[in-house]
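S.K.: Below is a structure I'd like to ask you about.
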Amino acid sequence: MISGKEALLEAMEISPAVAAFCQKQEASVRAKFDEIDEICEYNQWKVLDAFQKERVSDQHFETTSGYGYTDLGRDTLERVFARVFHTEDALVRPQIISGTHALAVAAFGLLRPGDEIVFAAGTPYDTMQGVVGIRPEKGNLTEFGVTYKIVPLGENGLPDIEALKKTIGPKTRVVEIQRSKGYDYRKTLSPREIGEIIRAAKEVKPDVIAFVDNCYGEFVQKIEPTDVGADIAVGSLIKNAGGGLAPIGGYIVGKKDLVELCAIRLTSPGLGKEAGATLGVTKSFYQGLFFAPTVTAAAVKTAVFAAAVFKALGYNVLPEPDEERCDIVEAITLNSEQAILSFCRGVQFAAPVDSFVTPIPWDMPGYGCPIIMAAGSFNSGASIELSADAPITPPYNVFFQGGLTYGHGKYGVMRAVQEMVKDRVLSIPE
């Protein structure tokens, strides 16, 4: 039996020097952790209130098959989501396989031939580019007569609101706002900033649909984009909102008529939200949502810790350790391909699942360059679980996120540092 934390860490291949250095950086962000805990508590009460108001019972955990008509658990869960996000309606389904799928369902549901979608926060995330037709994937929106415009980010790295107002025209039906940074080294948008974009867009065209990609942002702050004017917000249940327990799924929340258009796209005209079996996952959806504020807080703490450690090691980090947090992602500029390989290997070696696997870059579908992904997760691709991914291209930014528990996230950061030390990519300051 190993006695003592230091001895256990050493047995888990963390040297005393790395452990001591990281513990010192952790102490510097304790006040930030207190702030995260306060947000977590508020969001936990918000979710609990929604469960109680909708009178959630064990009968709602029963499974359905086939058409899934009269699925009481599914319908009640969607009302819970609508309450949590303060919207008129919600679509929460296991048939939505990813965040990109949720975005595609919403985009195809809301747009018609001749319509235009304007991207207010620069070029959208890589996989969304294929949906739109920025990258020419089969079946994209442009094939259906939908056009798009992209408003480049301003010199400050934030959306250019004046340029957006000039871009919106008579054909503009949807203004899309991507909250998180994707693979761009830019600031994630806060709900307050998203609200400013929405107000500006609706000044120009009051009936424009404000459509927010909320992936990675749920429960990081006390308010959501739907609290500041978003007509539709979209996310994945294998990110924040699923609390690490949802094995698949996505959500779309917003105005009732718009959610119905999205549901029609997911199923078919005439069916909408009325059909769709839950196949035994309903309980994990409820329980995942209940745990989501706490799990998200653990992931945010992990990101803050990573920022403190790597800033102290001399790397550029975004956000800085003491900056406002708007999602669970920490971007770190590692400056070389070898540093990325070492970092991602450390995250993988820290995993509870597939810790013996060495990640390597590959030509992942939907991306324009080789991507390396480290993720030893219980649910494949679940980025609320500890993971790191990076495009293998200068300036060699790695995007680090997740952590179902802070203890695991902290170890993942230390193991990434340890592997970089082992490969002589960095040395620990005296």
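Letters A, B, ... mark the chains of the structure tokens in the order given; residue numbers begin at 1 per chain; ligand numbers begin at 1, in order shown.
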Which residues of region 294-359 of chain A sit at most 9 Å from region 379-396 of chain A, using only C-alpha atoms? Give each one's shortest atom pair and distance in Å (one decimal place), in chain and ascending residue order, as CSV.
M.R.:
```
residue,atom,partner,partner_atom,distance
A:Val295,CA,A:Ile384,CA,8.0
A:Thr296,CA,A:Ile384,CA,7.5
A:Ala299,CA,A:Ile384,CA,7.2
A:Thr302,CA,A:Leu386,CA,9.0
A:Ile328,CA,A:Ile384,CA,8.2
A:Ile332,CA,A:Tyr396,CA,8.5
A:Thr333,CA,A:Tyr396,CA,5.9
A:Leu334,CA,A:Tyr396,CA,5.6
A:Asn335,CA,A:Tyr396,CA,5.2
A:Ser336,CA,A:Tyr396,CA,5.7
A:Glu337,CA,A:Tyr396,CA,6.3
A:Ala339,CA,A:Tyr396,CA,8.3
A:Ile340,CA,A:Tyr396,CA,6.9
A:Phe343,CA,A:Ala388,CA,8.4
A:Cys344,CA,A:Ala388,CA,6.1
A:Val347,CA,A:Ser387,CA,6.7
A:Gln348,CA,A:Ser387,CA,7.7
A:Ala350,CA,A:Leu386,CA,8.9
A:Ala351,CA,A:Leu386,CA,7.5
```
S.K.: Write a file of the selected residues as a PDB file, in the first residue's frame, keeping C-alpha atoms.
M.R.:
```pdb
ATOM      1  CA  VAL A 295     -19.174  18.485 -13.605  1.00  0.00           C
ATOM      2  CA  THR A 296     -18.858  21.723 -15.585  1.00  0.00           C
ATOM      3  CA  ALA A 299     -13.861  21.205 -15.940  1.00  0.00           C
ATOM      4  CA  THR A 302      -9.148  22.174 -14.534  1.00  0.00           C
ATOM      5  CA  ILE A 328     -14.504  24.978 -20.503  1.00  0.00           C
ATOM      6  CA  ILE A 332      -2.252  26.918 -25.018  1.00  0.00           C
ATOM      7  CA  THR A 333       0.319  27.879 -27.654  1.00  0.00           C
ATOM      8  CA  LEU A 334       2.978  25.155 -27.438  1.00  0.00           C
ATOM      9  CA  ASN A 335       5.145  26.423 -30.316  1.00  0.00           C
ATOM     10  CA  SER A 336       6.142  23.060 -31.792  1.00  0.00           C
ATOM     11  CA  GLU A 337       4.679  19.804 -33.047  1.00  0.00           C
ATOM     12  CA  ALA A 339       5.359  19.813 -27.654  1.00  0.00           C
ATOM     13  CA  ILE A 340       1.824  19.027 -28.822  1.00  0.00           C
ATOM     14  CA  PHE A 343       1.251  17.195 -24.116  1.00  0.00           C
ATOM     15  CA  CYS A 344      -1.439  15.023 -25.704  1.00  0.00           C
ATOM     16  CA  VAL A 347      -3.364  13.691 -21.202  1.00  0.00           C
ATOM     17  CA  GLN A 348      -3.965  10.257 -22.707  1.00  0.00           C
ATOM     18  CA  ALA A 350      -3.750  10.254 -17.415  1.00  0.00           C
ATOM     19  CA  ALA A 351      -7.050   8.800 -18.639  1.00  0.00           C
TER      20      ALA A 351
END
```
S.K.: With only C-alpha atoms as the counted atoms, please give the residues lying no more than 12 Å from Glu196 (chain A), apart from itself and same-chain residues fewer than 2 positions off, as an MDAnalysis selection string.
M.R.: chainID A and resid 120 158:162 164:165 177 189:194 198:203 210 225 228:230
S.K.: Those residues you just picked out, can you put them in a file as a tab-separated table (two decimals), in the first residue's frame with N, CA and C atoms?
M.R.:
```tsv
chain	number	residue	atom	x	y	z
A	120	ALA	N	-21.57	35.77	-37.41
A	120	ALA	CA	-21.20	37.03	-36.76
A	120	ALA	C	-19.86	36.97	-36.04
A	158	LEU	N	-12.54	40.22	-31.28
A	158	LEU	CA	-13.95	40.11	-30.95
A	158	LEU	C	-14.81	40.38	-32.19
A	159	PRO	N	-16.07	39.95	-32.19
A	159	PRO	CA	-16.94	40.25	-33.33
A	159	PRO	C	-17.01	41.73	-33.62
A	160	ASP	N	-17.02	42.06	-34.89
A	160	ASP	CA	-17.08	43.44	-35.35
A	160	ASP	C	-18.55	43.80	-35.55
A	161	ILE	N	-19.13	44.45	-34.56
A	161	ILE	CA	-20.58	44.70	-34.57
A	161	ILE	C	-20.97	45.66	-35.68
A	162	GLU	N	-20.18	46.67	-35.92
A	162	GLU	CA	-20.52	47.62	-36.99
A	162	GLU	C	-20.47	46.93	-38.36
A	164	LEU	N	-21.01	43.77	-38.83
A	164	LEU	CA	-22.17	42.89	-38.86
A	164	LEU	C	-23.41	43.64	-39.29
A	165	LYS	N	-23.62	44.82	-38.76
A	165	LYS	CA	-24.82	45.62	-39.10
A	165	LYS	C	-24.85	45.97	-40.59
A	177	ILE	N	-24.06	32.80	-34.11
A	177	ILE	CA	-23.01	33.26	-33.19
A	177	ILE	C	-22.39	32.04	-32.52
A	189	LEU	N	-16.91	33.95	-26.31
A	189	LEU	CA	-17.86	35.03	-26.05
A	189	LEU	C	-18.68	34.75	-24.80
A	190	SER	N	-18.86	35.78	-24.00
A	190	SER	CA	-19.72	35.68	-22.83
A	190	SER	C	-21.17	35.89	-23.24
A	191	PRO	N	-22.13	35.44	-22.44
A	191	PRO	CA	-23.53	35.75	-22.74
A	191	PRO	C	-23.77	37.25	-22.90
A	192	ARG	N	-23.10	38.06	-22.09
A	192	ARG	CA	-23.28	39.52	-22.21
A	192	ARG	C	-22.86	39.99	-23.60
A	193	GLU	N	-21.71	39.52	-24.08
A	193	GLU	CA	-21.24	39.93	-25.41
A	193	GLU	C	-22.16	39.39	-26.51
A	194	ILE	N	-22.65	38.18	-26.32
A	194	ILE	CA	-23.61	37.61	-27.28
A	194	ILE	C	-24.87	38.46	-27.32
A	198	ILE	N	-26.65	40.29	-30.56
A	198	ILE	CA	-28.05	40.05	-30.92
A	198	ILE	C	-28.82	41.38	-31.01
A	199	ARG	N	-28.62	42.25	-30.05
A	199	ARG	CA	-29.32	43.55	-30.07
A	199	ARG	C	-28.95	44.34	-31.32
A	200	ALA	N	-27.68	44.31	-31.69
A	200	ALA	CA	-27.25	45.04	-32.89
A	200	ALA	C	-27.89	44.45	-34.14
A	201	ALA	N	-27.93	43.13	-34.23
A	201	ALA	CA	-28.51	42.48	-35.40
A	201	ALA	C	-29.99	42.80	-35.53
A	202	LYS	N	-30.70	42.79	-34.41
A	202	LYS	CA	-32.14	43.03	-34.46
A	202	LYS	C	-32.48	44.51	-34.65
A	203	GLU	N	-31.54	45.39	-34.37
A	203	GLU	CA	-31.74	46.81	-34.72
A	203	GLU	C	-31.84	46.97	-36.23
A	210	ALA	N	-31.71	34.93	-34.15
A	210	ALA	CA	-30.42	34.86	-33.46
A	210	ALA	C	-30.18	33.42	-33.02
A	225	PRO	N	-27.08	32.17	-23.30
A	225	PRO	CA	-27.44	33.05	-24.42
A	225	PRO	C	-28.95	33.27	-24.56
A	228	VAL	N	-30.34	36.35	-22.95
A	228	VAL	CA	-29.97	37.68	-23.48
A	228	VAL	C	-30.47	37.88	-24.91
A	229	GLY	N	-31.48	37.10	-25.31
A	229	GLY	CA	-32.11	37.37	-26.60
A	229	GLY	C	-31.94	36.33	-27.68
A	230	ALA	N	-31.18	35.25	-27.43
A	230	ALA	CA	-31.03	34.21	-28.46
A	230	ALA	C	-32.38	33.55	-28.72
```
S.K.: Between A:Pro269, A:Thr282, A:Leu245, A:Met373, which is the closest to Val56 (chain A) once you count only C-alpha atoms?
M.R.: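 Of the candidates, the smallest distance to Val56 (chain A) is held by A:Thr282.
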S.K.: Need to verify the contact set: Val357 (chain A), 9 Å, only C-alpha atoms, exclusion of same-chain residues closer than 6 positions in sequence. Can you return it as a list in words?
M.R.: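 The residues that qualify are Arg345, Gln348, Phe349 and Gly376 of chain A.
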S.K.: Give me, as JSON, numbers by chain, the residues of region 112-183 of chain A that a backbone DSSP run labels alpha helix (DSSP H).
M.R.: {"A": [126, 127, 128, 129, 130, 131, 132, 161, 162, 163, 164, 165, 166, 167]}
S.K.: As a list in words, which residues of region 185-327 of chain A does DSSP assign to strand (DSSP E)?
M.R.: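 Residues meeting the strand (DSSP E) criterion: Ile209, Ala210, Phe211, Val212, Asp213, Ile232, Ala233, Val234, Gly235, Ser236, Gly250, Tyr251, Ile252, Val253, Gly254, Asn316, Val317 and Leu318 of chain A.
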S.K.: Output the selection as a PDB file, in the first residue's frame - N, CA and C atoms for each residue.
M.R.:
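out02.pdb, written as the output of this step:
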```
ATOM      1  N   ILE A 209     -33.311  35.763 -37.063  1.00  0.00           N
ATOM      2  CA  ILE A 209     -33.224  34.725 -36.036  1.00  0.00           C
ATOM      3  C   ILE A 209     -31.812  34.713 -35.460  1.00  0.00           C
ATOM      4  N   ALA A 210     -31.709  34.933 -34.153  1.00  0.00           N
ATOM      5  CA  ALA A 210     -30.418  34.862 -33.457  1.00  0.00           C
ATOM      6  C   ALA A 210     -30.184  33.417 -33.019  1.00  0.00           C
ATOM      7  N   PHE A 211     -29.184  32.797 -33.611  1.00  0.00           N
ATOM      8  CA  PHE A 211     -28.924  31.353 -33.491  1.00  0.00           C
ATOM      9  C   PHE A 211     -27.540  31.180 -32.866  1.00  0.00           C
ATOM     10  N   VAL A 212     -27.475  30.608 -31.660  1.00  0.00           N
ATOM     11  CA  VAL A 212     -26.216  30.515 -30.928  1.00  0.00           C
ATOM     12  C   VAL A 212     -25.745  29.068 -30.829  1.00  0.00           C
ATOM     13  N   ASP A 213     -24.509  28.847 -31.233  1.00  0.00           N
ATOM     14  CA  ASP A 213     -23.818  27.584 -30.993  1.00  0.00           C
ATOM     15  C   ASP A 213     -23.278  27.668 -29.568  1.00  0.00           C
ATOM     16  N   ILE A 232     -32.651  30.800 -30.641  1.00  0.00           N
ATOM     17  CA  ILE A 232     -32.344  29.368 -30.660  1.00  0.00           C
ATOM     18  C   ILE A 232     -30.925  29.190 -30.123  1.00  0.00           C
ATOM     19  N   ALA A 233     -30.748  28.212 -29.256  1.00  0.00           N
ATOM     20  CA  ALA A 233     -29.411  27.834 -28.804  1.00  0.00           C
ATOM     21  C   ALA A 233     -29.279  26.325 -28.916  1.00  0.00           C
ATOM     22  N   VAL A 234     -28.093  25.878 -29.260  1.00  0.00           N
ATOM     23  CA  VAL A 234     -27.865  24.485 -29.634  1.00  0.00           C
ATOM     24  C   VAL A 234     -26.636  23.956 -28.910  1.00  0.00           C
ATOM     25  N   GLY A 235     -26.687  22.678 -28.504  1.00  0.00           N
ATOM     26  CA  GLY A 235     -25.523  22.081 -27.867  1.00  0.00           C
ATOM     27  C   GLY A 235     -25.562  20.565 -27.904  1.00  0.00           C
ATOM     28  N   SER A 236     -24.487  19.966 -27.400  1.00  0.00           N
ATOM     29  CA  SER A 236     -24.317  18.522 -27.375  1.00  0.00           C
ATOM     30  C   SER A 236     -24.452  18.010 -25.951  1.00  0.00           C
ATOM     31  N   GLY A 250     -28.215  15.484 -28.200  1.00  0.00           N
ATOM     32  CA  GLY A 250     -28.048  16.921 -28.328  1.00  0.00           C
ATOM     33  C   GLY A 250     -29.328  17.619 -27.961  1.00  0.00           C
ATOM     34  N   TYR A 251     -29.245  18.943 -27.862  1.00  0.00           N
ATOM     35  CA  TYR A 251     -30.433  19.723 -27.513  1.00  0.00           C
ATOM     36  C   TYR A 251     -30.532  20.960 -28.394  1.00  0.00           C
ATOM     37  N   ILE A 252     -31.763  21.399 -28.568  1.00  0.00           N
ATOM     38  CA  ILE A 252     -32.070  22.670 -29.221  1.00  0.00           C
ATOM     39  C   ILE A 252     -33.133  23.334 -28.368  1.00  0.00           C
ATOM     40  N   VAL A 253     -32.862  24.543 -27.878  1.00  0.00           N
ATOM     41  CA  VAL A 253     -33.819  25.260 -27.031  1.00  0.00           C
ATOM     42  C   VAL A 253     -34.111  26.622 -27.648  1.00  0.00           C
ATOM     43  N   GLY A 254     -35.328  27.109 -27.443  1.00  0.00           N
ATOM     44  CA  GLY A 254     -35.653  28.418 -27.970  1.00  0.00           C
ATOM     45  C   GLY A 254     -37.133  28.650 -28.127  1.00  0.00           C
ATOM     46  N   ASN A 316       2.017  31.095 -23.868  1.00  0.00           N
ATOM     47  CA  ASN A 316       0.818  31.923 -24.011  1.00  0.00           C
ATOM     48  C   ASN A 316      -0.419  31.063 -23.783  1.00  0.00           C
ATOM     49  N   VAL A 317      -1.328  31.544 -22.954  1.00  0.00           N
ATOM     50  CA  VAL A 317      -2.552  30.815 -22.640  1.00  0.00           C
ATOM     51  C   VAL A 317      -3.746  31.726 -22.856  1.00  0.00           C
ATOM     52  N   LEU A 318      -4.876  31.113 -23.214  1.00  0.00           N
ATOM     53  CA  LEU A 318      -6.108  31.859 -23.434  1.00  0.00           C
ATOM     54  C   LEU A 318      -7.283  31.003 -22.980  1.00  0.00           C
TER      55      LEU A 318
END
```
S.K.: For the atom pair CA of Asn43 (chain A) and CA of Asn240 (chain A), what is the interatomic distance in Å to one decimal place?
M.R.: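 Atom-to-atom, CA of Asn43 (chain A) to CA of Asn240 (chain A), that is 12.4 Å.
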